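*Asks:* Got protein-v4.pdb for you, PDB, C-alpha atoms and all ligand atoms:
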MODEL        1
ATOM      1  CA  MET J   1       2.680 -20.733   9.581
ATOM      2  CA  LYS J   2       1.878 -24.043   7.907
ATOM      3  CA  LYS J   3       4.735 -25.924   6.229
ATOM      4  CA  LEU J   4       5.143 -24.925   2.605
ATOM      5  CA  TYR J   5       5.216 -27.866   0.252
ATOM      6  CA  ASP J   6       5.409 -26.147  -3.087
ATOM      7  CA  LEU J   7       5.635 -22.852  -4.946
ATOM      8  CA  SER J   8       1.853 -22.464  -5.120
ATOM      9  CA  GLY J   9       1.836 -22.575  -1.310
ATOM     10  CA  LEU J  10       4.385 -19.757  -1.265
ATOM     11  CA  PHE J  11       2.197 -17.770  -3.682
ATOM     12  CA  LEU J  12      -0.803 -18.198  -1.371
ATOM     13  CA  GLU J  13       1.191 -17.042   1.664
ATOM     14  CA  TYR J  14       2.080 -13.760  -0.051
ATOM     15  CA  LEU J  15      -1.460 -13.368  -1.356
ATOM     16  CA  LYS J  16      -2.877 -13.744   2.168
ATOM     17  CA  ASP J  17      -0.404 -11.110   3.394
ATOM     18  CA  MET J  18      -1.540  -8.645   0.733
ATOM     19  CA  TYR J  19      -5.196  -9.384   1.385
ATOM     20  CA  SER J  20      -4.759  -8.417   5.021
ATOM     21  CA  ALA J  21      -2.476  -5.493   4.103
ATOM     22  CA  GLU J  22      -5.138  -3.984   1.811
ATOM     23  CA  LYS J  23      -7.900  -4.539   4.363
ATOM     24  CA  GLN J  24      -5.910  -2.847   7.120
ATOM     25  CA  GLN J  25      -5.267   0.181   4.893
ATOM     26  CA  ILE J  26      -8.966   0.445   4.043
ATOM     27  CA  GLU J  27      -9.649   0.573   7.765
ATOM     28  CA  TYR J  28      -6.878   2.995   8.794
ATOM     29  CA  LEU J  29      -6.278   5.431   5.912
ATOM     30  CA  PRO J  30      -9.599   7.285   6.429
ATOM     31  CA  LYS J  31      -8.506   7.999  10.030
ATOM     32  CA  PHE J  32      -5.292   9.682   8.849
ATOM     33  CA  LEU J  33      -6.937  11.786   6.134
ATOM     34  CA  PRO J  34      -8.365  14.618   8.309
ATOM     35  CA  LYS J  35      -4.930  15.168   9.881
ATOM     36  CA  LEU J  36      -3.227  15.947   6.567
ATOM     37  CA  GLU J  37      -2.678  19.554   5.579
ATOM     38  CA  ASN J  38      -1.772  19.623   1.897
ATOM     39  CA  ASN J  39      -4.814  19.388  -0.383
ATOM     40  CA  TYR J  40      -3.094  17.488  -3.174
ATOM     41  CA  LEU J  41      -1.760  14.989  -0.624
ATOM     42  CA  LYS J  42      -5.314  14.474   0.639
ATOM     43  CA  LYS J  43      -6.530  13.919  -2.932
ATOM     44  CA  LEU J  44      -3.755  11.428  -3.598
ATOM     45  CA  VAL J  45      -4.575   9.479  -0.441
ATOM     46  CA  GLU J  46      -8.289   9.459  -1.332
ATOM     47  CA  GLN J  47      -7.396   8.158  -4.786
ATOM     48  CA  ASN J  48      -5.161   5.528  -3.188
ATOM     49  CA  LEU J  49      -7.972   4.499  -0.877
ATOM     50  CA  ASN J  50     -10.216   3.856  -3.901
ATOM     51  CA  ASP J  51      -7.416   1.932  -5.607
ATOM     52  CA  THR J  52      -6.872  -0.070  -2.411
ATOM     53  CA  LYS J  53     -10.528  -1.163  -2.436
ATOM     54  CA  ASN J  54      -9.966  -2.419  -5.991
ATOM     55  CA  HIS J  55      -6.775  -4.202  -4.909
ATOM     56  CA  GLU J  56      -8.772  -5.999  -2.231
ATOM     57  CA  LYS J  57     -11.432  -7.067  -4.783
ATOM     58  CA  ARG J  58      -8.779  -8.251  -7.231
ATOM     59  CA  ILE J  59      -7.237 -10.467  -4.559
ATOM     60  CA  GLU J  60     -10.681 -11.928  -3.818
ATOM     61  CA  THR J  61     -11.061 -12.649  -7.544
ATOM     62  CA  ILE J  62      -7.682 -14.406  -7.536
ATOM     63  CA  PHE J  63      -8.695 -16.560  -4.540
ATOM     64  CA  THR J  64     -11.839 -17.481  -6.486
ATOM     65  CA  LEU J  65      -9.926 -18.246  -9.699
ATOM     66  CA  LEU J  66      -7.609 -20.479  -7.686
ATOM     67  CA  LYS J  67     -10.665 -22.086  -6.094
ATOM     68  CA  ASP J  68      -9.392 -21.100  -2.688
ATOM     69  CA  GLY J  69     -11.448 -19.435   0.056
ATOM     70  CA  TYR J  70     -10.696 -15.896   1.249
ATOM     71  CA  HIS J  71      -8.079 -15.951   3.951
ATOM     72  CA  LEU J  72      -8.463 -13.663   6.902
ATOM     73  CA  ARG J  73      -5.419 -13.235   9.053
ATOM     74  CA  GLU J  74      -3.454 -10.228  10.251
ATOM     75  CA  ASP J  75      -0.393  -9.177   8.236
ATOM     76  CA  LEU J  76       1.970  -8.119  11.020
ATOM     77  CA  VAL J  77       4.244  -6.120   8.708
ATOM     78  CA  MET J  78       1.363  -3.861   7.686
ATOM     79  CA  GLU J  79       0.193  -3.587  11.273
ATOM     80  CA  GLU J  80       3.654  -2.343  12.264
ATOM     81  CA  LEU J  81       3.885   0.111   9.349
ATOM     82  CA  LEU J  82       0.443   1.597  10.019
ATOM     83  CA  GLY J  83       1.266   1.878  13.718
ATOM     84  CA  ARG J  84       4.356   3.838  12.741
ATOM     85  CA  ILE J  85       2.258   6.348  10.776
ATOM     86  CA  ASP J  86      -0.021   6.685  13.759
ATOM     87  CA  SER J  87       2.796   7.526  16.190
ATOM     88  CA  LEU J  88       4.579   9.855  13.728
ATOM     89  CA  LEU J  89       1.355  11.817  13.253
ATOM     90  CA  LYS J  90       0.871  12.035  17.007
ATOM     91  CA  TYR J  91       4.322  13.476  17.640
ATOM     92  CA  SER J  92       4.721  15.772  14.617
ATOM     93  CA  ASP J  93       4.135  19.186  16.074
ATOM     94  CA  ASN J  94       3.546  21.250  12.963
ATOM     95  CA  CYS J  95       1.569  20.521   9.829
ATOM     96  CA  GLU J  96       4.547  20.680   7.447
ATOM     97  CA  ILE J  97       6.468  18.056   9.406
ATOM     98  CA  LEU J  98       3.275  16.079   9.755
ATOM     99  CA  ASP J  99       2.733  15.867   5.971
ATOM    100  CA  ALA J 100       6.419  15.022   5.416
ATOM    101  CA  SER J 101       6.217  12.286   8.084
ATOM    102  CA  PHE J 102       3.086  10.889   6.534
ATOM    103  CA  ILE J 103       4.605  10.699   3.042
ATOM    104  CA  SER J 104       7.790   9.003   4.223
ATOM    105  CA  SER J 105       5.963   6.353   6.219
ATOM    106  CA  MET J 106       3.293   5.896   3.523
ATOM    107  CA  GLN J 107       6.105   5.171   1.086
ATOM    108  CA  ASN J 108       7.368   2.408   3.394
ATOM    109  CA  ILE J 109       3.943   0.840   2.981
ATOM    110  CA  VAL J 110       3.847   1.307  -0.776
ATOM    111  CA  HIS J 111       7.353  -0.119  -1.234
ATOM    112  CA  TYR J 112       6.344  -3.176   0.777
ATOM    113  CA  GLU J 113       3.332  -3.615  -1.496
ATOM    114  CA  ILE J 114       5.345  -3.063  -4.679
ATOM    115  CA  ALA J 115       7.860  -5.703  -3.559
ATOM    116  CA  THR J 116       5.142  -8.214  -2.673
ATOM    117  CA  TYR J 117       2.998  -7.681  -5.782
ATOM    118  CA  GLY J 118       6.189  -7.981  -7.869
ATOM    119  CA  THR J 119       6.971 -11.312  -6.180
ATOM    120  CA  LEU J 120       3.390 -12.517  -6.648
ATOM    121  CA  ARG J 121       3.449 -11.641 -10.344
ATOM    122  CA  SER J 122       6.758 -13.483 -10.863
ATOM    123  CA  LEU J 123       5.521 -16.529  -8.971
ATOM    124  CA  ALA J 124       2.239 -16.525 -10.941
ATOM    125  CA  ALA J 125       4.187 -16.451 -14.225
ATOM    126  CA  THR J 126       6.482 -19.314 -13.110
ATOM    127  CA  LEU J 127       3.474 -21.342 -11.973
ATOM    128  CA  ASN J 128       1.805 -20.788 -15.386
ATOM    129  CA  TYR J 129      -1.271 -19.283 -13.779
ATOM    130  CA  LYS J 130      -3.990 -17.912 -16.051
ATOM    131  CA  THR J 131      -3.245 -14.548 -17.646
ATOM    132  CA  ASP J 132      -6.303 -13.204 -15.779
ATOM    133  CA  ILE J 133      -4.422 -13.665 -12.502
ATOM    134  CA  ILE J 134      -1.207 -12.154 -13.822
ATOM    135  CA  ASP J 135      -3.109  -9.166 -15.267
ATOM    136  CA  LEU J 136      -4.927  -8.496 -11.975
ATOM    137  CA  LEU J 137      -1.619  -8.495 -10.089
ATOM    138  CA  LYS J 138      -0.024  -6.292 -12.728
ATOM    139  CA  LYS J 139      -2.826  -3.701 -12.484
ATOM    140  CA  SER J 140      -2.443  -3.415  -8.710
ATOM    141  CA  LEU J 141       1.345  -3.264  -9.027
ATOM    142  CA  GLU J 142       1.111  -0.431 -11.581
ATOM    143  CA  GLU J 143      -1.240   1.562  -9.324
ATOM    144  CA  GLU J 144       1.089   1.156  -6.339
ATOM    145  CA  LYS J 145       4.013   2.364  -8.468
ATOM    146  CA  TRP J 146       2.041   5.387  -9.691
ATOM    147  CA  PHE J 147       1.165   6.367  -6.117
ATOM    148  CA  ASP J 148       4.806   6.024  -5.069
ATOM    149  CA  ILE J 149       6.008   8.277  -7.906
ATOM    150  CA  GLU J 150       3.384  10.933  -7.091
ATOM    151  CA  LEU J 151       4.349  10.899  -3.397
ATOM    152  CA  THR J 152       8.040  11.303  -4.258
ATOM    153  CA  LYS J 153       7.288  14.268  -6.552
ATOM    154  CA  LEU J 154       5.086  15.973  -3.984
ATOM    155  CA  ALA J 155       7.636  15.474  -1.198
ATOM    156  CA  ARG J 156      10.590  16.743  -3.238
ATOM    157  CA  GLU J 157       8.884  19.672  -4.953
ATOM    158  CA  ASN J 158       6.762  20.935  -2.104
ATOM    159  CA  ILE J 159       6.253  19.275   1.253
ATOM    160  CA  ASN J 160       9.849  18.543   2.261
ATOM    161  CA  LEU J 161      10.882  22.058   1.262
ATOM    162  CA  LYS J 162       8.113  23.533   3.408
ATOM    163  CA  ALA J 163       9.121  21.314   6.300
ATOM    164  CA  LYS J 164      12.684  22.561   5.931
ATOM    165  CA  GLY J 165      11.358  26.131   6.083
ATOM    166  CA  PHE J 166      12.600  27.088   2.614
ATOM    167  CA  PHE J 167       9.345  27.218   0.786
ATOM    168  CA  LEU J 168       6.902  30.103   0.938
ATOM    169  CA  GLU J 169       3.396  29.505  -0.264
ATOM    170  CA  THR J 170       2.297  32.041  -2.911
TER
HETATM  171 FE    FE U 201      -2.565  -1.650  -2.326
ENDMDL
END
Please re-express this file's structure in structure tokens.
*Replies:*
Amino acid sequence: MKKLYDLSGLFLEYLKDMYSAEKQQIEYLPKFLPKLENNYLKKLVEQNLNDTKNHEKRIETIFTLLKDGYHLREDLVMEELLGRIDSLLKYSDNCEILDASFISSMQNIVHYEIATYGTLRSLAATLNYKTDIIDLLKKSLEEEKWFDIELTKLARENINLKAKGFFLET
């Protein structure tokens, strides 16, 4: 990593991380989709995939507004988190555990994104960046939060109960 000389440099570092994080999800989430059992979970992930494509575009807009080129580099945190989903799905031997595993590891990803978008929004406000930039970050942050809440509800009210063997489908 290059030396950071100011707060705008720190902002760019986090922005590059999220750019790679969104790109990696766009590549990997479609591979996980056919393995999922629960229909609402599949719908949620499809919705999230569409949102993720918008998150990627918003970051590109921010790079443009900052008159900075797009930065392509691998975010190692996201690589690790996606790899974890991959191995959990491989070793979950029934579909209920598989969906529960997916939700828990997907929430690790979403929490990482919520934390980073929150940091980016705070830094953008401190740096007096245009409201356009702050609004773009806020939109992505709100969508990540919505996805997280929906995953929690689905896990608690349905998927985790099934995985525990206490829930009978009607
Ligand atoms: Fe995202």
*Asks:* Name the residues within 7 Å of (6.3, -1.0, 6.3), counting only C-alpha atoms in the file's coordinates, and put them as a short mmCIF file (atom, residue, chain, number, x, y, z; two decimals) with C-alpha atoms, keeping the file's coordinate frame.
*Replies:*
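Generated file (selection20.cif):
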data_model
loop_
_atom_site.label_atom_id
_atom_site.label_comp_id
_atom_site.auth_asym_id
_atom_site.auth_seq_id
_atom_site.Cartn_x
_atom_site.Cartn_y
_atom_site.Cartn_z
CA VAL J 77 4.24 -6.12 8.71
CA MET J 78 1.36 -3.86 7.69
CA GLU J 80 3.65 -2.34 12.26
CA LEU J 81 3.88 0.11 9.35
CA ASN J 108 7.37 2.41 3.39
CA ILE J 109 3.94 0.84 2.98
CA TYR J 112 6.34 -3.18 0.78
#
*Asks:* Which distance in Å separates atom CA of Gly69 of chain J and atom CA of Glu46 of chain J, to one decimal?
*Replies:* 29.1 Å
*Asks:* Might you pull out every residue within 12 Å of segment 50-63 of chain J, with only C-alpha atoms counted and same-chain residues fewer than 3 positions away left off, and present them as a ChimeraX atom specification?
*Replies:* /J:11-30,43-47,66-72,110,113,117,120-121,124,129-147
*Asks:* Just checking: using only C-alpha atoms and all ligand atoms, which residue out of J:Arg73, J:Lys31, J:His111, J:Lys153 ends up closest to ligand FE 201 (chain U)?
*Replies:*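 Checking each of J:Arg73, J:Lys31, J:His111, J:Lys153 against ligand FE 201 (chain U), counting only C-alpha atoms and all ligand atoms, the winner is J:His111.
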*Asks:* Would you mind telling me which residue in J:Thr119, J:Asn39, J:Asn48, J:Thr126 lies nearest to ligand FE 201 (chain U) when using only C-alpha atoms and all ligand atoms?
*Replies:* J:Asn48
*Asks:* Which residue is closest to ligand FE 201 (chain U)? Choose from J:Ile114, J:Ala155, J:Leu161, J:Ile97 and count all atoms listed in the file.
*Replies:*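 Using all atoms listed in the file, ligand FE 201 (chain U) sits closest to J:Ile114.
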*Asks:* Do you know which residues lie at most 12 Å from (5.9, 14.8, 7.9), with coordinates as in the file and only C-alpha atoms counted, and could you write them as number ranges by chain?
*Replies:* J: 35-38, 41, 85-107, 154-155, 158-164
*Asks:* Kindly give the distance, in Å, that separates atom CA of Thr152 of chain J and atom CA of Thr116 of chain J, rounded to a single decimal.
*Replies:*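 Answer for the atom CA of Thr152 of chain J to atom CA of Thr116 of chain J separation: 19.8 Å.
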*Asks:* Could you check which of J:Leu151, J:Leu82, J:Leu76, J:Leu49 is closest to ligand FE 201 (chain U), using all atoms listed in the file?
*Replies:*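 Smallest separation from ligand FE 201 (chain U) among the options: J:Leu49.
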*Asks:* What is the atom CA of Leu10 of chain J-atom CA of Asp148 of chain J distance in Å, reported with one decimal?
*Replies:*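 It comes out at 26.1 Å.
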*Asks:* Please produce segment 133-150 of chain J, completed to N, CA and C atoms, as a tab-separated table (two decimals), in the frame of the given file.
*Replies:*
chain	number	residue	atom	x	y	z
J	133	ILE	N	-5.04	-13.87	-13.82
J	133	ILE	CA	-4.42	-13.66	-12.50
J	133	ILE	C	-3.22	-12.73	-12.63
J	134	ILE	N	-2.40	-12.98	-13.63
J	134	ILE	CA	-1.21	-12.15	-13.82
J	134	ILE	C	-1.61	-10.70	-14.11
J	135	ASP	N	-2.65	-10.53	-14.93
J	135	ASP	CA	-3.11	-9.17	-15.27
J	135	ASP	C	-3.65	-8.43	-14.04
J	136	LEU	N	-4.39	-9.14	-13.19
J	136	LEU	CA	-4.93	-8.50	-11.98
J	136	LEU	C	-3.78	-8.03	-11.07
J	137	LEU	N	-2.77	-8.87	-10.93
J	137	LEU	CA	-1.62	-8.49	-10.09
J	137	LEU	C	-0.86	-7.32	-10.70
J	138	LYS	N	-0.75	-7.36	-12.03
J	138	LYS	CA	-0.02	-6.29	-12.73
J	138	LYS	C	-0.72	-4.94	-12.55
J	139	LYS	N	-2.07	-4.96	-12.64
J	139	LYS	CA	-2.83	-3.70	-12.48
J	139	LYS	C	-2.57	-3.10	-11.11
J	140	SER	N	-2.67	-3.92	-10.07
J	140	SER	CA	-2.44	-3.42	-8.71
J	140	SER	C	-1.01	-2.92	-8.56
J	141	LEU	N	-0.07	-3.67	-9.10
J	141	LEU	CA	1.34	-3.26	-9.03
J	141	LEU	C	1.56	-1.90	-9.69
J	142	GLU	N	0.95	-1.71	-10.87
J	142	GLU	CA	1.11	-0.43	-11.58
J	142	GLU	C	0.52	0.73	-10.77
J	143	GLU	N	-0.62	0.49	-10.13
J	143	GLU	CA	-1.24	1.56	-9.32
J	143	GLU	C	-0.40	1.91	-8.10
J	144	GLU	N	0.20	0.89	-7.49
J	144	GLU	CA	1.09	1.16	-6.34
J	144	GLU	C	2.29	1.99	-6.80
J	145	LYS	N	2.84	1.63	-7.96
J	145	LYS	CA	4.01	2.36	-8.47
J	145	LYS	C	3.66	3.81	-8.77
J	146	TRP	N	2.48	4.02	-9.36
J	146	TRP	CA	2.04	5.39	-9.69
J	146	TRP	C	1.94	6.22	-8.41
J	147	PHE	N	1.34	5.66	-7.39
J	147	PHE	CA	1.16	6.37	-6.12
J	147	PHE	C	2.54	6.73	-5.52
J	148	ASP	N	3.46	5.79	-5.60
J	148	ASP	CA	4.81	6.02	-5.07
J	148	ASP	C	5.49	7.19	-5.80
J	149	ILE	N	5.37	7.21	-7.12
J	149	ILE	CA	6.01	8.28	-7.91
J	149	ILE	C	5.39	9.64	-7.55
J	150	GLU	N	4.06	9.67	-7.43
J	150	GLU	CA	3.38	10.93	-7.09
J	150	GLU	C	3.80	11.42	-5.69
